[in-house]
2 protein chains.
Amino acid sequence: MPKVRDFELLVILAILRQGDQSYANRVREDLEANAERRVTRGALYRTLDRLEVKGFIRWELEPSEVPERGGHPMRRLEVTADGLAAARSQGLVLQRFFAGLELGGTGRSGE
Amino acid sequence: MPKVRDFELLVILAILRQGDQSYANRVREDLEANAERRVTRGALYRTLDRLEVKGFIRWELEPSEVPERGGHPMRRLEVTADGLAAARSQGLVLQRFFAGLELGGTGRSGE
DNA sequence: GAGTCGTAGTCTACTTTGCATACTTCGAAG
DNA sequence: CTTCGAAGTATGCAAAGTAGACTACGACTC
């Protein structure tokens with residue numbers, strides 16, 4: 001089973017953060033706002049596709065909900081059990097490596 | 001200023017963890033043991049080179065310390081202030097994204 | 001003292017991931 | 001029926017990660 005790497009990990013986490021309202025654009029905004037990282041559509045969708053191939057996320061096209069202003073049906077994103085497991089596993093690794101260093105990764109003494 | 005991504009980040013953290021005794025092979029072993037990731041020499045040195053170019057680490061060749069069994073002089077690795085800052089910054093991002101989710105990233109309520 | 005063994009480091013080609021740009025689709029506004 | 005904006009798609013290149021073979025060199029063995 002493949003691992004998630006940094007951007008993929010952030011995307012998964014961002015999807016989880018949006019809960020019920022996980023649409024690509026929200027995820028994108030969340031990432032731009034909170035991950036100090038420029039995120040273009042192409043980059044995001046490419047990553048979503050790859051995560052889907054790996055079985056870490058899935059989505060369904062929003063059928064009924066009418067978007068206010070045209071366009072394609074929106075993807076409602078969802079993280080699979082595998083995706084969750086991968087994120088958790090990577091989180092534990094990070095936690096382990098940040099532990100004991102005076103850095104922000106596993107804050108508690110934080111800042 | 002470029003950002004550190006996942007493997008680079010782990011390498012920096014691993015170097016810090018070794019403290020005074022940061023040699024490539026120790027770092028490699030640490031990563032293999034604790035990051036659930038296969039690390040070949042090529043992969044590691046390639047990354048070390050890149051980190052050095054970015055100014056995140058530096059090294060000096062061990063001059064006097066005789067290795068028990070031949071080979072090139074060993075690199076003693078060191079993380080620069082920039083490297084530290086980059087790792088810290090990325091740590092904070094990760095912390096932010098893991099916060100509130102029931103995952104391992106910023107444990108405290110954890111597990 | 002030449003051959004081989006093991007450790008440390010280097011080189012190079014290949015794959016995967018990340019990123020940007022340009023393009024398509026479709027509904028509403030005008 | 002043209003334009004605009006929102007959502008998604010396609011394509012190509014650049015950067016990072018990975019593997020495997022190669023070099024260098026001290027010590028050990030004969």
# chains A, B, ... in the order shown; residues from 1 in each chain; ligands from 1
$ residues_around --residues "stretch 12-20 of chain B" --least-positions-apart "6" --cutoff "7 Å" --atoms "only C-alpha atoms (C1' of nucleotides)" --output "PyMOL selection string"
(chain A and resi 97-98) or (chain B and resi 27+30-31+77-79)
$ write_last_selection --atoms "N, CA and C atoms" --output "compact mmCIF listing (two decimals), in the first residue's frame"
# COMPACT_ATOMS: atom_id res chain seq x y z
N PHE A 97 8.87 11.99 15.14
CA PHE A 97 10.09 12.71 14.77
C PHE A 97 10.14 14.12 15.35
N PHE A 98 8.99 14.67 15.57
CA PHE A 98 8.99 16.01 16.16
C PHE A 98 9.17 15.94 17.67
N VAL B 27 21.51 8.52 10.31
CA VAL B 27 20.26 9.14 9.88
C VAL B 27 19.44 8.13 9.08
N ASP B 30 17.96 5.54 11.34
CA ASP B 30 16.87 6.14 12.11
C ASP B 30 15.61 6.20 11.27
N LEU B 31 15.78 6.66 10.04
CA LEU B 31 14.62 6.80 9.17
C LEU B 31 14.01 5.44 8.85
N LEU B 77 26.85 15.91 9.83
CA LEU B 77 25.75 16.75 9.36
C LEU B 77 25.28 17.71 10.42
N GLU B 78 24.79 18.83 9.94
CA GLU B 78 24.37 19.89 10.84
C GLU B 78 23.23 20.65 10.18
N VAL B 79 22.23 20.99 10.95
CA VAL B 79 21.09 21.75 10.42
C VAL B 79 21.35 23.23 10.64
$ calpha_fit_rmsd --fixed "chain A" --moving "chain B"
0.2 Å
$ residues_around --residues "B:Val11" --least-positions-apart "3" --cutoff "12 Å" --atoms "only C-alpha atoms (C1' of nucleotides)" --output "JSON, numbers by chain"
{"A": [94, 97, 98], "B": [4, 5, 6, 7, 8, 14, 15, 16, 17, 18, 22, 23, 24, 25, 26, 27, 28, 29, 30, 31, 32, 34, 35, 37, 39, 43, 44, 45, 46, 47, 48, 49, 50, 51, 52, 56, 57, 77, 78, 79, 83, 84, 87]}
$ closest_residue --among "B:His72, B:Arg88, B:Lys54, B:Lys3" --to "chain D" --atoms "only C-alpha atoms (C1' of nucleotides)"
B:His72
$ select_by_dssp --residues "chain B" --states "strand (DSSP E or B)" --output "VMD selection string"
chain B and resid 23 57 to 61 75 to 79
$ interface_residues --of "chain D" --to "chain B" --cutoff "12 Å" --atoms "only C-alpha atoms (C1' of nucleotides)" --output "PyMOL selection string"
chain D and resi 15-28
$ write_last_selection --atoms "C-alpha atoms (C1' of nucleotides)" --output "compact mmCIF listing (two decimals), in the first residue's frame"
# COMPACT_ATOMS: atom_id res chain seq x y z
C1' DA D 15 11.07 18.94 -8.74
C1' DA D 16 11.50 15.34 -5.46
C1' DG D 17 12.07 10.50 -4.45
C1' DT D 18 14.14 5.97 -5.54
C1' DA D 19 17.06 2.30 -7.18
C1' DG D 20 21.15 0.21 -8.50
C1' DA D 21 25.61 0.19 -10.02
C1' DC D 22 30.12 2.32 -9.38
C1' DT D 23 34.31 4.48 -6.89
C1' DA D 24 37.42 5.03 -2.97
C1' DC D 25 39.89 3.50 0.68
C1' DG D 26 41.41 1.31 5.07
C1' DA D 27 41.92 -3.17 7.26
C1' DC D 28 42.32 -7.86 7.19
$ interface_residues --of "chain C" --to "chain A" --cutoff "8 Å" --atoms "only C-alpha atoms (C1' of nucleotides)" --output "short mmCIF file (atom, residue, chain, number, x, y, z; two decimals) with N, CA and C atoms (P, O5', C5', C4', C3', O3' and C1' of nucleotides), in the first residue's frame"
data_model
loop_
_atom_site.label_atom_id
_atom_site.label_comp_id
_atom_site.auth_asym_id
_atom_site.auth_seq_id
_atom_site.Cartn_x
_atom_site.Cartn_y
_atom_site.Cartn_z
P DG C 18 2.58 15.20 -3.85
"O5'" DG C 18 3.09 16.37 -4.81
"C5'" DG C 18 4.34 16.96 -4.54
"C4'" DG C 18 4.52 18.21 -5.35
"C3'" DG C 18 3.42 19.25 -5.20
"O3'" DG C 18 4.09 20.50 -5.11
"C1'" DG C 18 3.70 18.73 -7.48
P DC C 19 3.28 21.85 -4.78
"O5'" DC C 19 3.10 22.48 -6.22
"C5'" DC C 19 4.27 22.87 -6.93
"C4'" DC C 19 3.86 23.35 -8.31
"C3'" DC C 19 2.70 24.33 -8.32
"O3'" DC C 19 3.27 25.58 -8.65
"C1'" DC C 19 2.55 22.72 -10.08
P DA C 20 2.37 26.87 -8.85
"O5'" DA C 20 2.09 26.87 -10.42
"C5'" DA C 20 3.20 26.74 -11.28
"C4'" DA C 20 2.76 26.87 -12.73
"C3'" DA C 20 1.69 27.92 -12.97
"O3'" DA C 20 2.11 28.68 -14.09
"C1'" DA C 20 0.99 25.83 -13.84
P DT C 25 -16.93 20.84 -24.31
"O5'" DT C 25 -17.89 20.95 -23.04
"C5'" DT C 25 -17.40 20.60 -21.78
"C4'" DT C 25 -18.40 20.98 -20.69
"C3'" DT C 25 -19.80 21.38 -21.18
"O3'" DT C 25 -20.72 20.73 -20.34
"C1'" DT C 25 -18.88 23.10 -19.83
P DC C 26 -22.28 20.53 -20.80
"O5'" DC C 26 -22.98 21.66 -19.94
"C5'" DC C 26 -22.92 21.57 -18.51
"C4'" DC C 26 -23.31 22.90 -17.93
"C3'" DC C 26 -24.57 23.50 -18.58
"O3'" DC C 26 -25.45 23.87 -17.55
"C1'" DC C 26 -22.89 25.10 -18.38
P DG C 27 -27.06 23.76 -17.76
"O5'" DG C 27 -27.53 25.01 -16.91
"C5'" DG C 27 -27.27 25.03 -15.51
"C4'" DG C 27 -27.10 26.46 -15.08
"C3'" DG C 27 -28.27 27.36 -15.47
"O3'" DG C 27 -28.74 28.02 -14.32
"C1'" DG C 27 -26.20 28.30 -16.19
P DA C 28 -30.05 28.89 -14.33
"O5'" DA C 28 -29.42 30.37 -14.25
"C5'" DA C 28 -28.49 30.63 -13.22
"C4'" DA C 28 -27.94 32.03 -13.36
"C3'" DA C 28 -29.01 33.09 -13.61
"O3'" DA C 28 -28.62 34.23 -12.87
"C1'" DA C 28 -27.45 33.11 -15.38
#
$ atom_distance --atom1 "atom CA of A:Val93" --atom2 "atom CA of B:Ala85"
20.0 Å
$ atom_distance --atom1 "atom C1' of D:DC1" --atom2 "atom C1' of C:DA29"
12.2 Å
$ select_by_dssp --residues "stretch 1-104 of chain A" --states "alpha helix (DSSP H)" --output "NGL selection string"
:A and (6-18 or 24-34 or 41-53 or 81-98)
